[in-house]
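Q: Got a structure here, written out as structure tokens. Questions coming.
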Amino acid sequence: MTEQQTRTISPRSIGTSLDRVDGREKVTGTASYAVEHADVNGTAAPLSLWLVTSTVAKGRITGVDASKALAHHGVSAMLDHTSAPRLAQTDNAELAILQDDRVGFRGQVVALVLAETSEAAREGAALVEVTYEQEPHEAELREDNATYRPDKVNPDVETDTDEGDVDAALAAADVVVDQTYRTPYEHNNPLEPHATLAWWEEREGREVLSMFDSTQGVHGVVQALAPMLGLENDQVRVRAPYVGGGFGSKGEAHAHVMAVALAARTTAGRPVRLAVTRQQMFSLTGYRTATISHVRLGAGRDGRLTAIEHAVQEQTSVVREFAEQTASPTRMLYAAPNRRTSHRLAQLDVAVPSWMRAPGEMPGMYAHEVAMDELAVACGLDPIVLRERNEPDLDPETGKPFNDRRLLDCLHRGADRFGWSTRPAGPRARLEGDWWVGTGVASATYPAMRQPGNQARVTALDGGRYEVAIGSVDIGTGARTVLTQIAADALEVEPSDIDLAIADSLLPSATVAGGSSGTSSWGSAIVAAAQLFREDHGAHPDPGVHTTASAADDPAAEDYAFHSFGAVFAEARVNRWTGEVRVPRLHGVYSVGRVINPRTARSQLVGGLVMGLSAGLFEESHRDPRFGHVVTQDLATYHVASHADVLDVDAEWLEESDEVFTPMGSRGIGEIGIVGTAAAVANATFHATGVRVRSLPLTPDHFLDA
Amino acid sequence: MRALDHRRPATAQEAVDLVARHPGATFLAGGSNLVDHLKLGVASPDVLVDVRRLPLDGIERVEGEDGAVLRIGANVRNSDLAAHPVVRSRFPVVARALLAGASGQIRNQATTAGNLLQRTRCVYFQDVTTPCNKREPGTGCSALEGYGRYNAILGASPDCVATHPSDLAVGLAVLDATVVVLGLEGERRIPFDELHRLPGDRPGADTTLARSDLVTAVELPLDPDVHRSTYTKVRDRASYAFALVSVAASVRMEEGRTTDVRLAWGGVAHKPWRARRAEAALAGQQITEDAVRAAVDLELETTTTNRDTAYKVAMLRNTTVMTLLDLAEEASR
């Protein structure tokens, strides 16, 4: 395997809306998702697994009585902490289930039931009687208990930053905005629930675990599970040919994956399958922490910022730490000589939080961009003018030049498209029938990330065709299609000449479909392998020859800060009687490098806007601190945007190419659509009504006095 | 898997007898609520008496003792009822209430009687790991001090603060509908307002029906005078959500004053809340914002709210004002 310096490729298929290469399989229902792979390992149909979960938030299991469950027709076995296979490592306490009698949160896996059918397994699980010695628990995030300072925040950045003298600057500022903003708990809820099918077999005297898993990264699952199970990585194979969405919640293996692996270890090779229920997804598969953002902005009367402070309080779980980087975008977005950010956590006896689309940027930019709107009002400035006045020359965080910072271009293009110039300056200026009408804007940004550890393999086939292989996963984004286009252009052939092989941990290693880094990371590896392949084997290779390579970083990349930018414009209507909010128009303009496939890109960006709209208006998981679990645990009580809520939503992008960042010129688009969107909607509701709401979601009860 | 006996009786009387004979039996109609409960463990019947194929799916005009009625069979689908021309023209409150509920798919499946007999969506009622007096008498009410956004503010008890989730029921409450019930003693008619009950110390019972009583029809009086009626539902999203509050109203006006005004609220009580004190205050009055506010406040004197439900008072007042102003304008056109 070679590390190859890539050259920029000439777009031929790139930039065109190639139909999804797996579209037919998906719309005709022939694409097999994880637990639909019934015919595996040449054995009987898989056994069904059901999870028994704890009904206390903290304590000790004192007894597990499975006698009724085992007497139930079809139930074959029950595993608990006394009978489940032992793990070789237990450092990751989220995954180290059934190893001891401790309960760390309500909804934790405490036993497993295996049965011939899922119905029997479910009933069996309901019949398992678990007794506990309950201990007092803490499950509520408050300002007075979020005091723990983590060493780092996700993914691996500084917990706190402090430059200049923020307090002095605020004391001297002409205008100060000093407000607290809150976002609620949110759950990712991909359409396909988390699901796993697994079986063990012996090959050449070694145990091998094979899985179909609904995951955003097959190699990540191998790396998480193998050492815990006492295996080498090559003893675990994970495949994920089709995945029905993830939004971060499938970015890492969660406890249910280990549950299937452990259960299957006891069934003498018979496969075991599990689909997590929607209700269980509210305690087992990750979520976004609630956040409390204390924001202080100091500025001159002209709106130029002199101080920015963003102090975040949020929560993590005792079982496993996840510290959301909520203040991280505040560190680079606008210029100001005095800047301070911090993160403090409450460590609670609750389910383990994790990645949810744009962790950090989503809640952080909501707070920051509403605060900027308040500053614009306080200074009597148009919010776009305010942002023009605070545009930095260099990245405020690193001091490096931005490679291609086009925030103002996005704002100006969007203002033009949205008809911003006719906007009344003050709030509460338009009443149409029973509806107050207003508009709002917010900036968006997301770091451009290319992950190390990606390799691709190009193999010549007969008839001028090529197999291009990399173990990346298409979670519904269109990665399979986009990588086909990249491979075709890198090899200078047609997309129809490419056989793309992905989603199998036996293929060259690939990083997670997350952090908006997939296309950049995998695509660069494919370009590297293709270019080296051509160097080694020429334009007319013999069938069977192959090349594996990874992409070296562009040395010029060290000198720049890479971020994508965007601007979101929203129109909000608020009913003057009922307080109901409607968003008839939502428009995003983005600078994201070159767009590989306009159709799939538009879907990503519009999908992000819709998810941001949904977070702005509806999404909220209510945890009952007395019990310790989320009680709005289905899609009837956890509201996401319905079709009727999604009206005129559109996204566009600037024509550009970031060739320092990737040989394709692209930067990544999976997350930026959700960033800033809730703030734009919130700012629009203020402009409509004059009522400033500083917490999400913007439900009707907030506007009853409007 | 729990063994379930599925029976399909040939007649309504046979269905009633079956449920009466089996203590663990329950009626199954559209199943849109009961099937969820089977999965969640909220309900665990051992016999399902399937009434879906009983011939109770007609909508017809019937001359009754007190005049003509529109008789709606218990099995009429929500979607069919909402689309029926007589319902649309004479009882828009019914069509609008139905269309404000659920989704197209669910309305195709759900029946008229099933809609009225659906159970609360209180999150604790649906979560068998938490105490709930309605699901398990004597265990306590988790909602009282818990997640309260959908809790009742009128007629609740220390044992239960659940609200009734049906939109249709709120609409029928202003039409003075009659519920036709077949029981072990034969057929009887119940005024609609007496079908559902307040929780008191028996929150397990949503209605006044006996376990083996089968609703066979709902009758709407075909009053020769035209009443304007409508339904307003306020919810957290534009579609597919239960009411935070809802308002059903029916008005008849002469010379700018009401000659008949009826008002019912959803999302605020264990049953559709017929606002009779407010109605009395508005009788013979002009419909103005001030008059409606005063009437609503009279009705809301007995309200009990907490931090989570306080918003409902203003929302209900505003929504009632909006609804009645619109309706009065329509009635005087």
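Each chain in the structure tokens gets a letter, A, B and so on, in the order shown; residues start at 1 in every chain, and ligands are counted from 1 in the order they appear.
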Which residues are close to Ala335 (chain A), i.e. within 12 Å by only C-alpha atoms, leaving aside same-chain residues fewer than 3 positions away? Reply as an mmCIF file with N, CA, C and O atoms, in the first residue's frame.
A:
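Result file follows (part_19.cif):
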data_model
loop_
_atom_site.group_PDB
_atom_site.id
_atom_site.type_symbol
_atom_site.label_atom_id
_atom_site.label_comp_id
_atom_site.auth_asym_id
_atom_site.auth_seq_id
_atom_site.Cartn_x
_atom_site.Cartn_y
_atom_site.Cartn_z
ATOM 1 N N GLU A 163 -8.814 34.307 25.007
ATOM 2 C CA GLU A 163 -7.862 35.230 24.384
ATOM 3 C C GLU A 163 -8.237 36.643 24.743
ATOM 4 O O GLU A 163 -9.417 36.992 24.727
ATOM 5 N N LEU A 297 -21.918 39.177 24.079
ATOM 6 C CA LEU A 297 -21.277 39.852 22.959
ATOM 7 C C LEU A 297 -21.092 41.313 23.336
ATOM 8 O O LEU A 297 -22.025 41.952 23.819
ATOM 9 N N GLY A 298 -19.904 41.818 23.111
ATOM 10 C CA GLY A 298 -19.652 43.247 23.308
ATOM 11 C C GLY A 298 -19.298 43.868 21.969
ATOM 12 O O GLY A 298 -18.574 43.264 21.163
ATOM 13 N N ALA A 299 -19.830 45.075 21.686
ATOM 14 C CA ALA A 299 -19.575 45.697 20.388
ATOM 15 C C ALA A 299 -19.609 47.195 20.514
ATOM 16 O O ALA A 299 -20.166 47.759 21.475
ATOM 17 N N GLY A 303 -21.419 48.133 15.599
ATOM 18 C CA GLY A 303 -21.624 46.682 15.510
ATOM 19 C C GLY A 303 -20.336 45.874 15.477
ATOM 20 O O GLY A 303 -20.398 44.644 15.467
ATOM 21 N N ARG A 304 -19.200 46.528 15.465
ATOM 22 C CA ARG A 304 -17.953 45.750 15.428
ATOM 23 C C ARG A 304 -17.730 45.086 16.792
ATOM 24 O O ARG A 304 -17.697 45.772 17.819
ATOM 25 N N LEU A 305 -17.571 43.795 16.753
ATOM 26 C CA LEU A 305 -17.440 43.031 17.997
ATOM 27 C C LEU A 305 -16.105 43.307 18.652
ATOM 28 O O LEU A 305 -15.050 43.278 18.002
ATOM 29 N N THR A 306 -16.149 43.555 19.961
ATOM 30 C CA THR A 306 -14.913 43.664 20.728
ATOM 31 C C THR A 306 -14.726 42.457 21.639
ATOM 32 O O THR A 306 -13.615 42.151 22.055
ATOM 33 N N ALA A 307 -15.828 41.778 21.956
ATOM 34 C CA ALA A 307 -15.727 40.614 22.844
ATOM 35 C C ALA A 307 -16.792 39.587 22.484
ATOM 36 O O ALA A 307 -17.933 39.945 22.165
ATOM 37 N N ILE A 308 -16.384 38.334 22.524
ATOM 38 C CA ILE A 308 -17.313 37.226 22.312
ATOM 39 C C ILE A 308 -17.070 36.210 23.419
ATOM 40 O O ILE A 308 -15.938 35.736 23.598
ATOM 41 N N THR A 330 -18.061 29.058 17.571
ATOM 42 C CA THR A 330 -17.904 30.436 18.053
ATOM 43 C C THR A 330 -16.435 30.859 17.989
ATOM 44 O O THR A 330 -16.131 32.040 17.897
ATOM 45 N N ARG A 331 -15.544 29.876 18.011
ATOM 46 C CA ARG A 331 -14.117 30.190 18.048
ATOM 47 C C ARG A 331 -13.591 30.719 16.717
ATOM 48 O O ARG A 331 -12.518 31.318 16.678
ATOM 49 N N MET A 332 -14.291 30.441 15.632
ATOM 50 C CA MET A 332 -13.735 30.820 14.323
ATOM 51 C C MET A 332 -14.655 31.675 13.462
ATOM 52 O O MET A 332 -14.273 32.096 12.397
ATOM 53 N N ASN A 338 -11.138 39.888 21.764
ATOM 54 C CA ASN A 338 -11.261 39.232 23.080
ATOM 55 C C ASN A 338 -12.311 38.140 22.977
ATOM 56 O O ASN A 338 -13.484 38.437 22.709
ATOM 57 N N ARG A 339 -11.884 36.900 23.196
ATOM 58 C CA ARG A 339 -12.817 35.805 22.948
ATOM 59 C C ARG A 339 -12.601 34.705 23.982
ATOM 60 O O ARG A 339 -11.475 34.351 24.334
ATOM 61 N N LEU A 386 -24.301 43.659 9.885
ATOM 62 C CA LEU A 386 -23.564 43.314 11.108
ATOM 63 C C LEU A 386 -22.519 42.237 10.816
ATOM 64 O O LEU A 386 -21.378 42.323 11.294
ATOM 65 N N ARG A 387 -22.910 41.268 10.041
ATOM 66 C CA ARG A 387 -21.962 40.189 9.738
ATOM 67 C C ARG A 387 -20.846 40.677 8.813
ATOM 68 O O ARG A 387 -19.696 40.263 8.957
ATOM 69 N N GLU A 388 -21.166 41.573 7.912
ATOM 70 C CA GLU A 388 -20.106 42.146 7.050
ATOM 71 C C GLU A 388 -19.057 42.846 7.912
ATOM 72 O O GLU A 388 -17.861 42.771 7.636
ATOM 73 N N ARG A 389 -19.512 43.519 8.954
ATOM 74 C CA ARG A 389 -18.581 44.313 9.778
ATOM 75 C C ARG A 389 -17.706 43.447 10.677
ATOM 76 O O ARG A 389 -16.772 43.932 11.290
ATOM 77 N N ASN A 390 -18.029 42.182 10.783
ATOM 78 C CA ASN A 390 -17.271 41.305 11.679
ATOM 79 C C ASN A 390 -16.588 40.158 10.952
ATOM 80 O O ASN A 390 -16.248 39.146 11.543
ATOM 81 N N GLU A 391 -16.399 40.370 9.663
ATOM 82 C CA GLU A 391 -15.745 39.359 8.844
ATOM 83 C C GLU A 391 -14.243 39.376 9.141
ATOM 84 O O GLU A 391 -13.592 40.418 9.030
ATOM 85 N N PRO A 392 -13.685 38.245 9.556
ATOM 86 C CA PRO A 392 -12.257 38.246 9.911
ATOM 87 C C PRO A 392 -11.346 38.125 8.686
ATOM 88 O O PRO A 392 -11.739 37.532 7.682
ATOM 89 N N ASP A 393 -10.140 38.671 8.811
ATOM 90 C CA ASP A 393 -9.156 38.504 7.733
ATOM 91 C C ASP A 393 -8.529 37.117 7.785
ATOM 92 O O ASP A 393 -8.236 36.506 6.774
ATOM 93 N N LEU A 394 -8.269 36.663 8.996
ATOM 94 C CA LEU A 394 -7.654 35.345 9.187
ATOM 95 C C LEU A 394 -8.581 34.534 10.083
ATOM 96 O O LEU A 394 -9.432 35.097 10.789
ATOM 97 N N ASP A 395 -8.398 33.224 10.094
ATOM 98 C CA ASP A 395 -9.198 32.379 10.984
ATOM 99 C C ASP A 395 -8.917 32.799 12.421
ATOM 100 O O ASP A 395 -7.772 32.683 12.889
ATOM 101 N N PRO A 396 -9.907 33.310 13.128
ATOM 102 C CA PRO A 396 -9.653 33.769 14.504
ATOM 103 C C PRO A 396 -9.135 32.658 15.413
ATOM 104 O O PRO A 396 -8.463 32.941 16.399
ATOM 105 N N GLU A 397 -9.415 31.425 15.078
ATOM 106 C CA GLU A 397 -9.016 30.332 15.960
ATOM 107 C C GLU A 397 -7.562 29.945 15.770
ATOM 108 O O GLU A 397 -6.837 29.762 16.739
ATOM 109 N N GLY A 399 -5.345 31.557 13.396
ATOM 110 C CA GLY A 399 -4.488 32.603 12.841
ATOM 111 C C GLY A 399 -4.064 32.333 11.407
ATOM 112 O O GLY A 399 -3.356 33.138 10.795
#
Q: Would you list, as a tab-separated table (two decimals) with N, CA, C and O atoms, in the first residue's frame, the residues of region 8-180 of chain B that end up in helix (DSSP H, G or I) under DSSP run on this structure's backbone?
A:
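Full text of states_16.tsv as output:
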chain	number	residue	atom	x	y	z
B	12	ALA	N	-74.01	-8.53	15.61
B	12	ALA	CA	-73.60	-7.66	16.70
B	12	ALA	C	-73.94	-8.29	18.05
B	12	ALA	O	-73.16	-8.21	19.00
B	13	GLN	N	-75.12	-8.91	18.13
B	13	GLN	CA	-75.52	-9.52	19.40
B	13	GLN	C	-74.56	-10.64	19.79
B	13	GLN	O	-74.18	-10.78	20.96
B	14	GLU	N	-74.11	-11.39	18.78
B	14	GLU	CA	-73.15	-12.47	19.06
B	14	GLU	C	-71.83	-11.88	19.58
B	14	GLU	O	-71.20	-12.44	20.48
B	15	ALA	N	-71.45	-10.74	19.01
B	15	ALA	CA	-70.22	-10.09	19.46
B	15	ALA	C	-70.34	-9.67	20.93
B	15	ALA	O	-69.42	-9.88	21.73
B	16	VAL	N	-71.47	-9.08	21.26
B	16	VAL	CA	-71.70	-8.66	22.65
B	16	VAL	C	-71.66	-9.86	23.59
B	16	VAL	O	-71.01	-9.83	24.64
B	17	ASP	N	-72.32	-10.93	23.19
B	17	ASP	CA	-72.36	-12.13	24.03
B	17	ASP	C	-70.96	-12.72	24.23
B	17	ASP	O	-70.60	-13.16	25.32
B	18	LEU	N	-70.16	-12.70	23.16
B	18	LEU	CA	-68.80	-13.24	23.24
B	18	LEU	C	-67.96	-12.47	24.26
B	18	LEU	O	-67.28	-13.06	25.10
B	19	VAL	N	-68.02	-11.16	24.16
B	19	VAL	CA	-67.20	-10.35	25.08
B	19	VAL	C	-67.72	-10.52	26.51
B	19	VAL	O	-66.93	-10.60	27.46
B	20	ALA	N	-69.04	-10.62	26.64
B	20	ALA	CA	-69.60	-10.79	27.99
B	20	ALA	C	-69.15	-12.12	28.59
B	20	ALA	O	-68.86	-12.21	29.79
B	21	ARG	N	-69.04	-13.13	27.77
B	21	ARG	CA	-68.69	-14.47	28.27
B	21	ARG	C	-67.22	-14.59	28.65
B	21	ARG	O	-66.87	-15.32	29.57
B	34	LEU	N	-55.61	-0.20	19.38
B	34	LEU	CA	-55.48	-1.45	20.15
B	34	LEU	C	-54.22	-2.23	19.76
B	34	LEU	O	-53.54	-2.80	20.63
B	35	VAL	N	-53.87	-2.24	18.49
B	35	VAL	CA	-52.69	-3.02	18.08
B	35	VAL	C	-51.42	-2.44	18.69
B	35	VAL	O	-50.52	-3.17	19.12
B	36	ASP	N	-51.35	-1.10	18.76
B	36	ASP	CA	-50.22	-0.48	19.47
B	36	ASP	C	-50.18	-0.97	20.92
B	36	ASP	O	-49.11	-1.28	21.45
B	37	HIS	N	-51.34	-1.01	21.54
B	37	HIS	CA	-51.39	-1.40	22.95
B	37	HIS	C	-50.98	-2.86	23.15
B	37	HIS	O	-50.37	-3.20	24.16
B	38	LEU	N	-51.30	-3.70	22.18
B	38	LEU	CA	-50.87	-5.10	22.28
B	38	LEU	C	-49.35	-5.18	22.26
B	38	LEU	O	-48.73	-5.91	23.03
B	39	LYS	N	-48.74	-4.39	21.38
B	39	LYS	CA	-47.27	-4.43	21.28
B	39	LYS	C	-46.61	-3.86	22.52
B	39	LYS	O	-45.59	-4.35	22.98
B	40	LEU	N	-47.20	-2.79	23.04
B	40	LEU	CA	-46.58	-2.09	24.18
B	40	LEU	C	-46.86	-2.78	25.51
B	40	LEU	O	-46.25	-2.44	26.51
B	78	ASN	N	-63.21	6.66	9.15
B	78	ASN	CA	-63.04	8.09	9.35
B	78	ASN	C	-62.94	8.83	8.02
B	78	ASN	O	-63.50	9.92	7.85
B	79	SER	N	-62.24	8.24	7.05
B	79	SER	CA	-62.07	8.93	5.77
B	79	SER	C	-63.40	9.01	5.02
B	79	SER	O	-63.71	10.03	4.40
B	80	ASP	N	-64.21	7.94	5.08
B	80	ASP	CA	-65.51	7.95	4.41
B	80	ASP	C	-66.46	8.95	5.07
B	80	ASP	O	-67.22	9.64	4.39
B	81	LEU	N	-66.43	9.00	6.38
B	81	LEU	CA	-67.31	9.93	7.09
B	81	LEU	C	-66.95	11.38	6.75
B	81	LEU	O	-67.83	12.20	6.49
B	82	ALA	N	-65.64	11.64	6.72
B	82	ALA	CA	-65.20	13.02	6.44
B	82	ALA	C	-65.59	13.44	5.02
B	82	ALA	O	-65.77	14.63	4.75
B	83	ALA	N	-65.69	12.49	4.12
B	83	ALA	CA	-65.95	12.81	2.72
B	83	ALA	C	-67.44	12.78	2.37
B	83	ALA	O	-67.82	13.14	1.26
B	85	PRO	N	-71.11	13.65	1.60
B	85	PRO	CA	-71.64	14.97	1.21
B	85	PRO	C	-72.56	15.60	2.25
B	85	PRO	O	-72.49	16.82	2.47
B	86	VAL	N	-73.39	14.81	2.90
B	86	VAL	CA	-74.29	15.39	3.90
B	86	VAL	C	-73.49	15.87	5.11
B	86	VAL	O	-73.74	16.93	5.68
B	87	VAL	N	-72.51	15.09	5.49
B	87	VAL	CA	-71.65	15.48	6.61
B	87	VAL	C	-70.92	16.78	6.27
B	87	VAL	O	-70.86	17.71	7.08
B	88	ARG	N	-70.41	16.85	5.06
B	88	ARG	CA	-69.65	18.05	4.66
B	88	ARG	C	-70.53	19.29	4.64
B	88	ARG	O	-70.10	20.37	5.03
B	89	SER	N	-71.78	19.12	4.18
B	89	SER	CA	-72.61	20.31	4.05
B	89	SER	C	-73.33	20.67	5.35
B	89	SER	O	-73.43	21.84	5.70
B	90	ARG	N	-73.82	19.67	6.09
B	90	ARG	CA	-74.62	19.97	7.29
B	90	ARG	C	-73.79	19.99	8.57
B	90	ARG	O	-74.14	20.67	9.52
B	92	PRO	N	-70.08	20.42	9.03
B	92	PRO	CA	-68.65	20.62	8.71
B	92	PRO	C	-67.74	20.40	9.92
B	92	PRO	O	-66.59	20.01	9.77
B	93	VAL	N	-68.27	20.62	11.12
B	93	VAL	CA	-67.43	20.40	12.31
B	93	VAL	C	-66.95	18.95	12.38
B	93	VAL	O	-65.83	18.68	12.81
B	94	VAL	N	-67.78	18.03	11.89
B	94	VAL	CA	-67.38	16.62	11.91
B	94	VAL	C	-66.29	16.35	10.88
B	94	VAL	O	-65.25	15.73	11.18
B	95	ALA	N	-66.53	16.85	9.66
B	95	ALA	CA	-65.53	16.60	8.61
B	95	ALA	C	-64.20	17.25	8.99
B	95	ALA	O	-63.13	16.63	8.84
B	96	ARG	N	-64.27	18.47	9.52
B	96	ARG	CA	-63.02	19.17	9.84
B	96	ARG	C	-62.30	18.52	11.02
B	96	ARG	O	-61.07	18.44	11.03
B	97	ALA	N	-63.06	18.06	12.00
B	97	ALA	CA	-62.42	17.38	13.13
B	97	ALA	C	-61.72	16.11	12.67
B	97	ALA	O	-60.59	15.83	13.07
B	98	LEU	N	-62.41	15.36	11.81
B	98	LEU	CA	-61.79	14.11	11.34
B	98	LEU	C	-60.52	14.40	10.55
B	98	LEU	O	-59.49	13.75	10.75
B	99	LEU	N	-60.59	15.39	9.66
B	99	LEU	CA	-59.43	15.65	8.80
B	99	LEU	C	-58.29	16.29	9.58
B	99	LEU	O	-57.15	16.31	9.12
B	104	GLY	N	-53.81	10.21	6.55
B	104	GLY	CA	-54.69	9.59	5.56
B	104	GLY	C	-54.78	8.09	5.72
B	104	GLY	O	-55.87	7.50	5.67
B	105	GLN	N	-53.65	7.45	5.94
B	105	GLN	CA	-53.64	5.99	6.08
B	105	GLN	C	-54.45	5.55	7.30
B	105	GLN	O	-55.20	4.58	7.25
B	106	ILE	N	-54.24	6.25	8.40
B	106	ILE	CA	-54.95	5.85	9.62
B	106	ILE	C	-56.44	6.13	9.49
B	106	ILE	O	-57.27	5.32	9.93
B	107	ARG	N	-56.80	7.23	8.84
B	107	ARG	CA	-58.23	7.52	8.67
B	107	ARG	C	-58.91	6.49	7.79
B	107	ARG	O	-60.10	6.24	7.90
B	108	ASN	N	-58.14	5.89	6.88
B	108	ASN	CA	-58.71	4.82	6.06
B	108	ASN	C	-58.97	3.56	6.87
B	108	ASN	O	-59.75	2.70	6.47
B	109	GLN	N	-58.29	3.44	7.97
B	109	GLN	CA	-58.37	2.22	8.77
B	109	GLN	C	-59.30	2.39	9.98
B	109	GLN	O	-60.01	1.47	10.36
B	112	THR	N	-65.61	4.87	13.13
B	112	THR	CA	-66.29	5.91	13.89
B	112	THR	C	-66.32	5.58	15.38
B	112	THR	O	-65.92	6.39	16.22
B	113	ALA	N	-66.77	4.38	15.71
B	113	ALA	CA	-66.84	4.02	17.12
B	113	ALA	C	-65.45	3.89	17.72
B	113	ALA	O	-65.20	4.30	18.86
B	114	GLY	N	-64.54	3.32	16.95
B	114	GLY	CA	-63.18	3.15	17.43
B	114	GLY	C	-62.54	4.49	17.76
B	114	GLY	O	-61.82	4.63	18.75
B	115	ASN	N	-62.81	5.47	16.92
B	115	ASN	CA	-62.27	6.81	17.16
B	115	ASN	C	-62.75	7.34	18.52
B	115	ASN	O	-61.98	7.88	19.31
B	116	LEU	N	-64.04	7.15	18.79
B	116	LEU	CA	-64.59	7.67	20.05
B	116	LEU	C	-64.05	6.92	21.27
B	116	LEU	O	-63.99	7.47	22.37
B	117	LEU	N	-63.70	5.65	21.05
B	117	LEU	CA	-63.28	4.81	22.18
B	117	LEU	C	-61.77	4.66	22.28
B	117	LEU	O	-61.27	3.88	23.08
B	167	ASP	N	-60.49	13.91	18.13
B	167	ASP	CA	-61.02	15.16	17.58
B	167	ASP	C	-62.50	15.00	17.25
B	167	ASP	O	-63.31	15.89	17.51
B	168	LEU	N	-62.85	13.86	16.67
B	168	LEU	CA	-64.24	13.61	16.29
B	168	LEU	C	-65.17	13.79	17.49
B	168	LEU	O	-66.26	14.37	17.37
B	169	ALA	N	-64.75	13.27	18.64
B	169	ALA	CA	-65.61	13.34	19.83
B	169	ALA	C	-65.91	14.79	20.20
B	169	ALA	O	-67.02	15.11	20.63
B	170	VAL	N	-64.95	15.67	20.03
B	170	VAL	CA	-65.16	17.08	20.37
B	170	VAL	C	-66.18	17.68	19.40
B	170	VAL	O	-67.08	18.44	19.79
B	171	GLY	N	-66.07	17.29	18.13
B	171	GLY	CA	-67.03	17.77	17.15
B	171	GLY	C	-68.44	17.28	17.44
B	171	GLY	O	-69.41	18.04	17.37
B	172	LEU	N	-68.57	16.01	17.78
B	172	LEU	CA	-69.89	15.45	18.04
B	172	LEU	C	-70.52	16.07	19.29
B	172	LEU	O	-71.75	16.15	19.41
B	173	ALA	N	-69.67	16.51	20.21
B	173	ALA	CA	-70.20	17.07	21.46
B	173	ALA	C	-71.06	18.30	21.21
B	173	ALA	O	-72.00	18.56	21.96
Q: In Å, rounded to a single decimal, give me how far CA of Ala552 (chain A) is from CA of Gln5 (chain A).
A: 5.0 Å
Q: Given a cut-off of 7 Å, which residues of chain A touch chain B, counting only C-alpha atoms, written out as a list in words?
A: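 Interface list for chain A against chain B: Thr55, Glu119, Ala120, Glu123, Trp577, Thr578, Phe618, Asp624, Val631, Thr632, Ala636, Ser642, Ala644, Asp645, Thr699, Pro700, Asp701 and Leu704 of chain A.
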Q: Go ahead and dump the residues you just picked, N, CA and C atoms, as a short mmCIF file (atom, residue, chain, number, x, y, z; two decimals), in the first residue's frame.
A:
data_model
loop_
_atom_site.label_atom_id
_atom_site.label_comp_id
_atom_site.auth_asym_id
_atom_site.auth_seq_id
_atom_site.Cartn_x
_atom_site.Cartn_y
_atom_site.Cartn_z
N THR A 55 -35.28 -0.97 34.58
CA THR A 55 -36.37 -0.07 34.95
C THR A 55 -35.98 0.80 36.15
N GLU A 119 -41.79 -12.19 17.88
CA GLU A 119 -42.92 -12.04 18.79
C GLU A 119 -42.68 -12.84 20.08
N ALA A 120 -42.17 -14.05 19.92
CA ALA A 120 -41.89 -14.87 21.11
C ALA A 120 -40.78 -14.24 21.95
N GLU A 123 -42.26 -11.25 23.86
CA GLU A 123 -43.08 -11.67 25.00
C GLU A 123 -42.20 -12.28 26.08
N TRP A 577 -53.50 34.43 17.18
CA TRP A 577 -54.39 33.87 18.19
C TRP A 577 -53.78 32.62 18.84
N THR A 578 -53.36 31.70 17.99
CA THR A 578 -52.98 30.37 18.51
C THR A 578 -51.48 30.25 18.78
N PHE A 618 -39.96 21.88 16.42
CA PHE A 618 -40.68 20.73 16.99
C PHE A 618 -39.87 19.84 17.94
N ASP A 624 -37.87 12.45 31.97
CA ASP A 624 -38.49 12.61 33.29
C ASP A 624 -37.42 12.31 34.32
N VAL A 631 -39.52 10.09 28.17
CA VAL A 631 -40.89 9.57 28.13
C VAL A 631 -41.60 9.89 26.81
N THR A 632 -41.04 10.80 26.02
CA THR A 632 -41.59 11.03 24.68
C THR A 632 -40.83 10.12 23.71
N ALA A 636 -44.90 9.62 17.68
CA ALA A 636 -46.14 10.35 17.92
C ALA A 636 -45.91 11.46 18.94
N SER A 642 -43.54 17.23 9.72
CA SER A 642 -44.37 16.44 8.81
C SER A 642 -44.31 17.10 7.43
N ALA A 644 -46.59 18.50 5.88
CA ALA A 644 -47.34 19.75 5.88
C ALA A 644 -46.52 20.90 6.45
N ASP A 645 -45.46 20.58 7.17
CA ASP A 645 -44.61 21.63 7.74
C ASP A 645 -43.51 22.07 6.79
N THR A 699 -42.36 26.34 20.01
CA THR A 699 -43.73 25.82 20.01
C THR A 699 -44.73 26.96 20.22
N PRO A 700 -46.02 26.72 19.88
CA PRO A 700 -46.99 27.80 19.88
C PRO A 700 -47.15 28.50 21.23
N ASP A 701 -46.96 27.80 22.33
CA ASP A 701 -47.17 28.41 23.64
C ASP A 701 -46.28 29.63 23.88
N LEU A 704 -48.18 33.15 22.54
CA LEU A 704 -49.59 33.44 22.81
C LEU A 704 -49.82 34.89 23.19
#
Q: Which polymer residues have any atom within 12 Å of an atom of region 535-542 of chain A, counting only C-alpha atoms, with same-chain residues fewer than 4 positions away left out, as number ranges by chain?
A: A: 2, 4, 6, 458-466, 490-493, 528-531, 546-549
